[in-house]
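Asker: coords-v6.json (JSON, C-alpha atoms) pasted underneath:
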```json
[["chain", "number", "residue", "atom", "x", "y", "z"],
["R", 1, "MET", "CA", 73.17, 92.40, 79.81],
["R", 2, "PRO", "CA", 71.69, 89.17, 78.39],
["R", 3, "ASP", "CA", 72.24, 86.01, 80.47],
["R", 4, "THR", "CA", 72.75, 83.91, 77.34],
["R", 5, "VAL", "CA", 76.30, 83.79, 76.06],
["R", 6, "THR", "CA", 77.12, 82.63, 72.56],
["R", 7, "PHE", "CA", 80.47, 81.84, 70.98],
["R", 8, "ASP", "CA", 81.79, 82.83, 67.58],
["R", 9, "THR", "CA", 84.99, 82.99, 65.58],
["R", 10, "PHE", "CA", 87.14, 85.96, 66.58],
["R", 11, "THR", "CA", 87.27, 88.30, 63.56],
["R", 12, "GLN", "CA", 88.48, 91.83, 62.87],
["R", 13, "ASP", "CA", 84.93, 93.00, 63.60],
["R", 14, "HIS", "CA", 85.45, 92.01, 67.26],
["R", 15, "LEU", "CA", 88.69, 93.94, 67.77],
["R", 16, "ASP", "CA", 87.11, 97.03, 69.32],
["R", 17, "GLY", "CA", 85.22, 94.92, 71.84],
["R", 18, "ALA", "CA", 88.32, 92.89, 72.61],
["R", 19, "LEU", "CA", 90.32, 96.09, 73.09],
["R", 20, "ARG", "CA", 87.78, 97.27, 75.65],
["R", 21, "LEU", "CA", 88.31, 94.05, 77.63],
["R", 22, "SER", "CA", 92.09, 94.33, 77.42],
["R", 23, "LEU", "CA", 92.11, 97.92, 78.65],
["R", 24, "ALA", "CA", 89.75, 97.04, 81.51],
["R", 25, "ALA", "CA", 92.15, 94.25, 82.50],
["R", 26, "GLY", "CA", 95.01, 96.77, 82.67],
["R", 27, "TRP", "CA", 96.69, 95.74, 79.42],
["R", 28, "PRO", "CA", 97.64, 98.99, 77.62],
["R", 29, "HIS", "CA", 97.20, 97.58, 74.11],
["R", 30, "ARG", "CA", 96.34, 99.43, 70.93],
["R", 31, "ARG", "CA", 93.89, 98.19, 68.32],
["R", 32, "GLU", "CA", 96.89, 97.68, 66.02],
["R", 33, "ASP", "CA", 98.49, 95.34, 68.58],
["R", 34, "GLY", "CA", 95.39, 93.16, 68.63],
["R", 35, "ALA", "CA", 95.15, 93.19, 64.84],
["R", 36, "LEU", "CA", 98.74, 91.96, 64.51],
["R", 37, "VAL", "CA", 98.09, 89.00, 66.82],
["R", 38, "LEU", "CA", 94.75, 88.13, 65.24],
["R", 39, "GLY", "CA", 96.26, 88.30, 61.75],
["R", 40, "ILE", "CA", 98.45, 85.25, 62.48],
["R", 41, "SER", "CA", 96.04, 83.46, 64.79],
["R", 42, "ARG", "CA", 92.68, 81.79, 65.30],
["R", 43, "GLY", "CA", 90.41, 82.81, 68.13],
["R", 44, "ILE", "CA", 87.09, 82.55, 69.93],
["R", 45, "VAL", "CA", 84.90, 85.33, 71.30],
["R", 46, "ALA", "CA", 82.11, 85.08, 73.84],
["R", 47, "LEU", "CA", 79.16, 87.38, 73.10],
["R", 48, "ALA", "CA", 76.34, 88.64, 75.29],
["R", 49, "GLY", "CA", 74.03, 89.94, 72.61],
["R", 50, "ASP", "CA", 76.42, 91.80, 70.35],
["R", 51, "LYS", "CA", 78.85, 92.71, 73.15],
["R", 52, "VAL", "CA", 82.21, 90.97, 73.41],
["R", 53, "VAL", "CA", 82.49, 89.58, 76.96],
["R", 54, "GLY", "CA", 85.39, 87.16, 76.52],
["R", 55, "THR", "CA", 88.21, 86.26, 74.18],
["R", 56, "ALA", "CA", 90.81, 83.53, 73.71],
["R", 57, "ILE", "CA", 93.33, 83.24, 70.88],
["R", 58, "ALA", "CA", 95.54, 80.42, 69.61],
["R", 59, "THR", "CA", 98.62, 81.45, 67.61],
["R", 60, "PRO", "CA", 100.13, 78.45, 65.77],
["R", 61, "PHE", "CA", 103.89, 78.36, 65.21],
["R", 62, "GLY", "CA", 104.54, 74.93, 63.72],
["R", 63, "LEU", "CA", 104.98, 72.41, 66.56],
["R", 64, "VAL", "CA", 104.21, 75.12, 69.10],
["R", 65, "ALA", "CA", 101.10, 77.22, 69.71],
["R", 66, "MET", "CA", 100.70, 80.21, 71.99],
["R", 67, "ALA", "CA", 97.47, 80.64, 73.97],
["R", 68, "ASN", "CA", 96.87, 84.33, 74.52],
["R", 69, "THR", "CA", 94.43, 87.24, 74.86],
["R", 70, "ILE", "CA", 92.46, 85.20, 77.39],
["R", 71, "VAL", "CA", 90.19, 87.66, 79.16],
["R", 72, "VAL", "CA", 86.62, 87.73, 80.47],
["R", 73, "ASP", "CA", 84.49, 90.78, 81.20],
["R", 74, "GLU", "CA", 84.57, 91.50, 84.93],
["R", 75, "THR", "CA", 80.77, 91.32, 85.14],
["R", 76, "MET", "CA", 80.79, 87.81, 83.62],
["R", 77, "ARG", "CA", 83.40, 86.17, 85.83],
["R", 78, "GLY", "CA", 82.66, 83.28, 88.16],
["R", 79, "ARG", "CA", 80.42, 81.51, 85.62],
["R", 80, "GLY", "CA", 82.98, 79.16, 84.06],
["R", 81, "LEU", "CA", 83.23, 81.33, 80.96],
["R", 82, "GLY", "CA", 87.03, 81.39, 80.99],
["R", 83, "ARG", "CA", 87.19, 77.61, 80.96],
["R", 84, "ARG", "CA", 84.68, 77.34, 78.12],
["R", 85, "LEU", "CA", 86.67, 79.84, 76.07],
["R", 86, "MET", "CA", 89.91, 77.99, 76.76],
["R", 87, "GLU", "CA", 88.46, 74.60, 75.83],
["R", 88, "GLN", "CA", 87.10, 75.90, 72.53],
["R", 89, "MET", "CA", 90.33, 77.73, 71.76],
["R", 90, "LEU", "CA", 92.48, 74.67, 72.52],
["R", 91, "ALA", "CA", 90.39, 72.69, 70.03],
["R", 92, "LEU", "CA", 91.25, 75.09, 67.19],
["R", 93, "VAL", "CA", 94.78, 73.77, 66.59],
["R", 94, "SER", "CA", 96.72, 70.63, 67.53],
["R", 95, "PRO", "CA", 100.35, 71.51, 68.30],
["R", 96, "GLN", "CA", 102.89, 69.30, 70.00],
["R", 97, "GLU", "CA", 103.28, 71.93, 72.71],
["R", 98, "TRP", "CA", 101.10, 74.73, 74.08],
["R", 99, "ARG", "CA", 102.63, 77.77, 75.76],
["R", 100, "LEU", "CA", 101.20, 80.76, 77.56],
["R", 101, "VAL", "CA", 102.17, 83.47, 80.03],
["R", 102, "ALA", "CA", 99.73, 83.46, 82.93],
["R", 103, "THR", "CA", 98.63, 86.01, 85.49],
["R", 104, "MET", "CA", 98.17, 84.82, 89.07],
["R", 105, "ASP", "CA", 94.40, 85.07, 88.57],
["R", 106, "GLY", "CA", 94.51, 82.74, 85.57],
["R", 107, "LEU", "CA", 96.97, 80.24, 87.03],
["R", 108, "PRO", "CA", 94.42, 77.89, 88.71],
["R", 109, "LEU", "CA", 92.41, 77.49, 85.49],
["R", 110, "TYR", "CA", 95.46, 76.77, 83.37],
["R", 111, "GLU", "CA", 96.72, 74.20, 85.87],
["R", 112, "LYS", "CA", 93.34, 72.43, 85.72],
["R", 113, "LEU", "CA", 93.69, 72.32, 81.92],
["R", 114, "GLY", "CA", 97.07, 70.58, 82.14],
["R", 115, "PHE", "CA", 99.50, 73.49, 81.96],
["R", 116, "ARG", "CA", 102.53, 73.54, 84.27],
["R", 117, "GLU", "CA", 104.80, 76.33, 85.40],
["R", 118, "VAL", "CA", 108.17, 76.46, 83.66],
["R", 119, "GLY", "CA", 109.51, 79.94, 84.46],
["R", 120, "GLU", "CA", 108.91, 83.58, 85.21],
["R", 121, "ILE", "CA", 108.64, 86.48, 82.75],
["R", 122, "VAL", "CA", 109.68, 89.93, 83.95],
["R", 123, "GLN", "CA", 108.17, 93.05, 82.36],
["R", 124, "LEU", "CA", 110.40, 96.13, 82.40],
["R", 125, "GLN", "CA", 109.36, 99.48, 81.03],
["R", 126, "GLY", "CA", 109.77, 103.21, 81.29],
["R", 127, "LYS", "CA", 112.03, 106.00, 80.17],
["R", 128, "LEU", "CA", 115.59, 105.01, 79.35],
["R", 129, "ALA", "CA", 118.71, 106.63, 80.66],
["R", 130, "ALA", "CA", 121.43, 107.57, 78.17],
["R", 131, "VAL", "CA", 122.63, 104.46, 76.32],
["R", 132, "GLU", "CA", 125.95, 104.16, 74.54],
["R", 133, "ALA", "CA", 125.71, 103.03, 70.91],
["R", 134, "PRO", "CA", 127.24, 99.56, 70.47],
["R", 135, "THR", "CA", 129.54, 98.32, 67.74],
["R", 136, "GLY", "CA", 128.95, 95.40, 65.41],
["R", 137, "VAL", "CA", 125.16, 95.78, 65.10],
["R", 138, "ASP", "CA", 123.41, 96.95, 61.95],
["R", 139, "TRP", "CA", 119.94, 97.07, 60.42],
["R", 140, "ALA", "CA", 118.82, 93.83, 58.82],
["R", 141, "THR", "CA", 118.35, 93.56, 55.07],
["R", 142, "PRO", "CA", 115.87, 91.32, 53.20],
["R", 143, "ALA", "CA", 118.78, 88.95, 52.57],
["R", 144, "ASP", "CA", 119.06, 88.37, 56.34],
["R", 145, "PHE", "CA", 115.46, 87.23, 56.79],
["R", 146, "GLN", "CA", 115.91, 83.47, 56.39],
["R", 147, "ALA", "CA", 118.87, 83.49, 58.78],
["R", 148, "ILE", "CA", 116.70, 85.35, 61.31],
["R", 149, "VAL", "CA", 113.91, 82.78, 60.96],
["R", 150, "ALA", "CA", 116.40, 79.92, 61.42],
["R", 151, "MET", "CA", 117.96, 81.51, 64.52],
["R", 152, "ASP", "CA", 114.54, 82.17, 66.00],
["R", 153, "GLN", "CA", 113.45, 78.56, 65.47],
["R", 154, "GLN", "CA", 116.62, 77.20, 67.03],
["R", 155, "SER", "CA", 116.04, 79.42, 70.05],
["R", 156, "THR", "CA", 112.31, 78.84, 70.53],
["R", 157, "GLY", "CA", 111.53, 75.51, 68.87],
["R", 158, "ALA", "CA", 108.74, 77.39, 67.08],
["R", 159, "GLU", "CA", 108.41, 78.21, 63.38],
["R", 160, "ARG", "CA", 107.52, 81.91, 63.52],
["R", 161, "THR", "CA", 107.87, 83.13, 59.94],
["R", 162, "SER", "CA", 104.37, 84.62, 60.11],
["R", 163, "LEU", "CA", 105.28, 86.73, 63.13],
["R", 164, "LEU", "CA", 108.72, 87.75, 61.91],
["R", 165, "SER", "CA", 107.31, 88.85, 58.55],
["R", 166, "ARG", "CA", 104.94, 91.20, 60.31],
["R", 167, "LEU", "CA", 107.65, 92.52, 62.62],
["R", 168, "ALA", "CA", 109.75, 93.30, 59.55],
["R", 169, "GLN", "CA", 106.78, 95.08, 57.93],
["R", 170, "ASN", "CA", 105.56, 96.96, 60.99],
["R", 171, "GLY", "CA", 108.84, 97.65, 62.76],
["R", 172, "LYS", "CA", 112.60, 97.31, 62.39],
["R", 173, "LEU", "CA", 114.98, 94.35, 62.61],
["R", 174, "ALA", "CA", 118.65, 94.60, 63.53],
["R", 175, "VAL", "CA", 121.34, 91.92, 63.38],
["R", 176, "ILE", "CA", 124.84, 91.09, 64.55],
["R", 177, "ARG", "CA", 127.10, 89.84, 61.77],
["R", 178, "GLU", "CA", 130.32, 87.95, 62.42],
["R", 179, "ALA", "CA", 132.54, 86.63, 59.63],
["R", 180, "GLY", "CA", 129.69, 87.16, 57.18],
["R", 181, "ALA", "CA", 127.17, 85.21, 59.26],
["R", 182, "VAL", "CA", 124.17, 86.55, 61.17],
["R", 183, "THR", "CA", 124.65, 85.60, 64.82],
["R", 184, "GLY", "CA", 121.87, 87.52, 66.57],
["R", 185, "TYR", "CA", 118.81, 89.66, 65.90],
["R", 186, "ALA", "CA", 116.38, 92.01, 67.59],
["R", 187, "ALA", "CA", 113.10, 93.70, 66.67],
["R", 188, "LEU", "CA", 111.74, 97.15, 67.55],
["R", 189, "ARG", "CA", 108.15, 98.27, 66.95],
["R", 190, "ALA", "CA", 105.37, 100.46, 68.28],
["R", 191, "PHE", "CA", 103.38, 98.72, 70.99],
["R", 192, "GLY", "CA", 101.10, 99.79, 73.81],
["R", 193, "ARG", "CA", 102.22, 103.05, 75.41],
["R", 194, "GLY", "CA", 105.39, 103.39, 73.33],
["R", 195, "GLU", "CA", 107.73, 100.86, 71.78],
["R", 196, "VAL", "CA", 108.78, 97.31, 72.59],
["R", 197, "VAL", "CA", 112.14, 95.70, 71.92],
["R", 198, "GLY", "CA", 111.74, 92.00, 71.23],
["R", 199, "PRO", "CA", 112.29, 89.33, 70.26],
["R", 200, "VAL", "CA", 116.00, 89.43, 71.02],
["R", 201, "VAL", "CA", 117.85, 86.26, 70.09],
["R", 202, "ALA", "CA", 121.60, 85.95, 70.58],
["R", 203, "GLN", "CA", 124.38, 83.50, 71.38],
["R", 204, "ASN", "CA", 125.26, 85.11, 74.69],
["R", 205, "GLN", "CA", 124.26, 87.80, 77.13],
["R", 206, "GLU", "CA", 126.78, 90.37, 75.88],
["R", 207, "ASP", "CA", 125.45, 90.08, 72.32],
["R", 208, "ALA", "CA", 121.92, 90.49, 73.68],
["R", 209, "LYS", "CA", 122.97, 93.70, 75.44],
["R", 210, "ARG", "CA", 124.50, 94.99, 72.21],
["R", 211, "LEU", "CA", 121.29, 94.35, 70.30],
["R", 212, "LEU", "CA", 119.17, 95.96, 73.01],
["R", 213, "SER", "CA", 121.46, 98.98, 73.19],
["R", 214, "PHE", "CA", 121.28, 99.43, 69.42],
["R", 215, "MET", "CA", 117.49, 99.39, 69.53],
["R", 216, "PHE", "CA", 117.40, 101.71, 72.54],
["R", 217, "CYS", "CA", 119.44, 104.23, 70.57],
["R", 218, "ALA", "CA", 117.09, 103.82, 67.56],
["R", 219, "ARG", "CA", 113.81, 104.21, 69.47],
["R", 220, "ASN", "CA", 111.31, 106.87, 68.42],
["R", 221, "THR", "CA", 109.58, 107.35, 71.79],
["R", 222, "ASP", "CA", 110.59, 107.85, 75.40],
["R", 223, "PHE", "CA", 108.56, 104.87, 76.67],
["R", 224, "VAL", "CA", 110.21, 101.49, 76.03],
["R", 225, "ARG", "CA", 109.21, 98.00, 77.14],
["R", 226, "VAL", "CA", 111.20, 94.77, 77.32],
["R", 227, "ASP", "CA", 109.85, 91.38, 78.46],
["R", 228, "THR", "CA", 112.57, 88.92, 79.49],
["R", 229, "SER", "CA", 112.84, 85.71, 81.47],
["R", 230, "ALA", "CA", 113.91, 85.96, 85.09],
["R", 231, "THR", "CA", 116.83, 83.66, 84.26],
["R", 232, "SER", "CA", 118.15, 85.70, 81.30],
["R", 233, "GLY", "CA", 120.49, 87.67, 83.55],
["R", 234, "LEU", "CA", 119.36, 90.95, 81.96],
["R", 235, "VAL", "CA", 117.04, 92.31, 84.63],
["R", 236, "PRO", "CA", 119.69, 94.24, 86.66],
["R", 237, "TRP", "CA", 121.22, 95.63, 83.45],
["R", 238, "LEU", "CA", 117.83, 96.77, 82.13],
["R", 239, "GLU", "CA", 117.02, 98.40, 85.47],
["R", 240, "ALA", "CA", 120.38, 100.19, 85.39],
["R", 241, "ALA", "CA", 119.39, 101.46, 81.92],
["R", 242, "GLY", "CA", 116.37, 103.16, 83.46],
["R", 243, "LEU", "CA", 113.59, 100.60, 83.02],
["R", 244, "THR", "CA", 111.35, 99.65, 85.92],
["R", 245, "ASN", "CA", 110.33, 96.12, 86.88],
["R", 246, "VAL", "CA", 106.52, 96.26, 86.89],
["R", 247, "GLY", "CA", 105.88, 92.56, 87.47],
["R", 248, "GLY", "CA", 105.30, 90.08, 84.71],
["R", 249, "GLY", "CA", 103.80, 86.65, 84.40],
["R", 250, "ILE", "CA", 104.26, 82.92, 84.79],
["R", 251, "ALA", "CA", 105.48, 80.95, 81.77],
["R", 252, "MET", "CA", 103.50, 77.72, 81.35],
["R", 253, "GLN", "CA", 103.56, 74.74, 79.00],
["R", 254, "ARG", "CA", 101.30, 71.82, 78.11],
["R", 255, "GLY", "CA", 102.30, 68.84, 75.99],
["R", 256, "GLU", "CA", 105.64, 67.59, 74.72],
["R", 257, "PRO", "CA", 108.22, 70.42, 74.59],
["R", 258, "ALA", "CA", 109.45, 71.19, 71.09],
["R", 259, "ALA", "CA", 113.17, 70.63, 70.56],
["R", 260, "GLN", "CA", 115.39, 73.70, 70.91],
["R", 261, "SER", "CA", 119.02, 74.27, 69.97],
["R", 262, "THR", "CA", 121.52, 75.45, 72.59],
["R", 263, "THR", "CA", 123.35, 77.69, 70.08],
["R", 264, "PHE", "CA", 120.91, 80.59, 70.42],
["R", 265, "GLN", "CA", 118.85, 81.86, 73.35],
["R", 266, "THR", "CA", 115.83, 84.14, 73.53],
["R", 267, "TYR", "CA", 116.70, 87.13, 75.71],
["R", 268, "ALA", "CA", 113.51, 89.13, 75.13],
["R", 269, "LEU", "CA", 110.01, 88.22, 73.98],
["R", 270, "ALA", "CA", 108.06, 89.72, 71.10],
["R", 271, "THR", "CA", 105.26, 90.10, 73.65],
["R", 272, "GLN", "CA", 104.01, 87.93, 76.47],
["R", 273, "ALA", "CA", 101.20, 86.87, 74.11],
["R", 274, "LEU", "CA", 103.53, 85.65, 71.35],
["R", 275, "GLY", "CA", 106.66, 84.51, 73.17]]
```
Translate this file's structure into structure tokens.
Answerer:
Amino acid sequence: MPDTVTFDTFTQDHLDGALRLSLAAGWPHRREDGALVLGISRGIVALAGDKVVGTAIATPFGLVAMANTIVVDETMRGRGLGRRLMEQMLALVSPQEWRLVATMDGLPLYEKLGFREVGEIVQLQGKLAAVEAPTGVDWATPADFQAIVAMDQQSTGAERTSLLSRLAQNGKLAVIREAGAVTGYAALRAFGRGEVVGPVVAQNQEDAKRLLSFMFCARNTDFVRVDTSATSGLVPWLEAAGLTNVGGGIAMQRGEPAAQSTTFQTYALATQALG
């Protein structure tokens, strides 16, 4: 492999090489998963000749940006390549607040770049037990979309229309309606080894469970994944539903936190890459 590493804009042409890195890192992504992220993002690739040996992506959501898909080929580690990728990626956009979900291996680098720990993300996945269909949840209609965007922004402080549009196109959205108003939503789509439920945004834990149960009943595969915060209160319930805690990551932030409403709370992430 050439010793000289060059950097370029991450394009669709690099997706196969990036997928190879992700799979080698133990991330069971599909090419379609990478294409969805890249389609709403800007990124950097490191190249040794024509081989992708590192990636880093910035996904801008208004005042917030997610740093994600940060991976370096195992044979190229220990050369400062991860830091160089991060520095170039961070220069691509200028949000008020950066967020990422770190592995333990990446934590020291992110701390050196000014990120701080703010929480823990728990990844649960597997084959579900029988789930009772809830009441009061229905599939979203196009007329619900703006209410979903508004709820999501109140919950996250991020303007994620770009992401939610793609989730509506590539998956399914469900909502809770009360007195004619949309008071919670969830998304279901193909991802990795099966399907992922998330985001889930609701006013309380019981509504979040209703949305999750609805999506569990609507799934098309046996393998389901949910990423939630350790403080959401949902981990024991999800384990009782048959999902297994397989670890997770460390939520980190850099910069001034974007304002969030207390009316809605995020109970499950779209993915660890996208929040």
Asker: Under the rule that all atoms listed in the file are counted, which of R:Ala25, R:Trp237, R:Ala273, R:Thr4 is the nearest residue to Leu124 of chain R?
Answerer: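 Closest to Leu124 of chain R, using all atoms listed in the file: R:Trp237.
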Asker: Could you pull the residues within 12 Å of Gly180 of chain R, counting all atoms listed in the file, minus those fewer than 2 positions along the same chain, as a list in words?
Answerer: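 Returned residues: Gly136, Ala143, Asp144, Ala147, Val175, Ile176, Arg177, Glu178, Val182 and Thr183 of chain R.
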Asker: Tell me, in Å to one decimal, how far atom CA of Pro257 of chain R is from atom CA of Arg116 of chain R.
Answerer: 11.7 Å
Asker: Determine the nearest neighbour of Gly106 of chain R from the options R:Pro236, R:Gly126, R:Pro199, R:Gly82, counting all atoms listed in the file.
Answerer: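 Comparing R:Pro236, R:Gly126, R:Pro199, R:Gly82 against Gly106 of chain R, the winner is R:Gly82.
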Asker: Given the choices R:Val235, R:Val118, R:Met151, R:Val224, which gets closest to Ala251 of chain R if the distance is worked out from all atoms listed in the file?
Answerer: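 Among the listed residues, the smallest separation from Ala251 of chain R belongs to R:Val118.
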Asker: Which residues, written as a VMD selection string, have at least one atom at most 8 Å from segment 63-80 of chain R, with all atoms listed in the file counted and residues fewer than 6 positions away on the same chain left out?
Answerer: chain R and resid 21 to 22 25 53 to 57 86 90 93 95 to 101 157 to 159 258 273 to 275
Asker: With distances taken over all atoms listed in the file, which of R:Thr103, R:Thr161, R:Thr6, R:Thr266 is nearest to Ala186 of chain R?
Answerer: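 Of R:Thr103, R:Thr161, R:Thr6, R:Thr266, the one nearest Ala186 of chain R is R:Thr266, counting all atoms listed in the file.
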Asker: Pick from R:Asp13, R:Asp152, R:Asp105, R:Asp8: nearest to Leu164 of chain R, with all atoms listed in the file counted?
Answerer: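 When distances to Leu164 of chain R are compared using all atoms listed in the file, the smallest one comes from R:Asp152.
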Asker: Got a sec: who's within 7 Å of Phe223 of chain R, counting only C-alpha atoms, leaving out chain neighbours fewer than 6 positions off, as a ChimeraX atom specification?
Answerer: /R:125-127,193-195
Asker: Keeping only C-alpha atoms, write the selected residues as a PDB file, keeping the file's coordinate frame.
Answerer:
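part-v2.pdb, written as the output of this step:
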```pdb
ATOM      1  CA  GLN R 125     109.360  99.480  81.030  1.00  0.00           C
ATOM      2  CA  GLY R 126     109.770 103.210  81.290  1.00  0.00           C
ATOM      3  CA  LYS R 127     112.030 106.000  80.170  1.00  0.00           C
ATOM      4  CA  ARG R 193     102.220 103.050  75.410  1.00  0.00           C
ATOM      5  CA  GLY R 194     105.390 103.390  73.330  1.00  0.00           C
ATOM      6  CA  GLU R 195     107.730 100.860  71.780  1.00  0.00           C
TER       7      GLU R 195
END
```
Asker: Nearest residue to Ala168 of chain R out of R:Gln272, R:Thr156, R:Thr141, R:Ser261, using only C-alpha atoms?
Answerer: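 Comparing R:Gln272, R:Thr156, R:Thr141, R:Ser261 against Ala168 of chain R, the winner is R:Thr141.
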Asker: Hey, could you pull the box centre and edge lengths for segment 115-130 of chain R, axis-aligned, 4 Å padding per side, all listed atoms, to one decimal in Å, as lines of an AutoDock Vina configuration file?
Answerer:
```
center_x = 110.5
center_y = 90.5
center_z = 81.8
size_x = 29.9
size_y = 42.1
size_z = 15.2
```
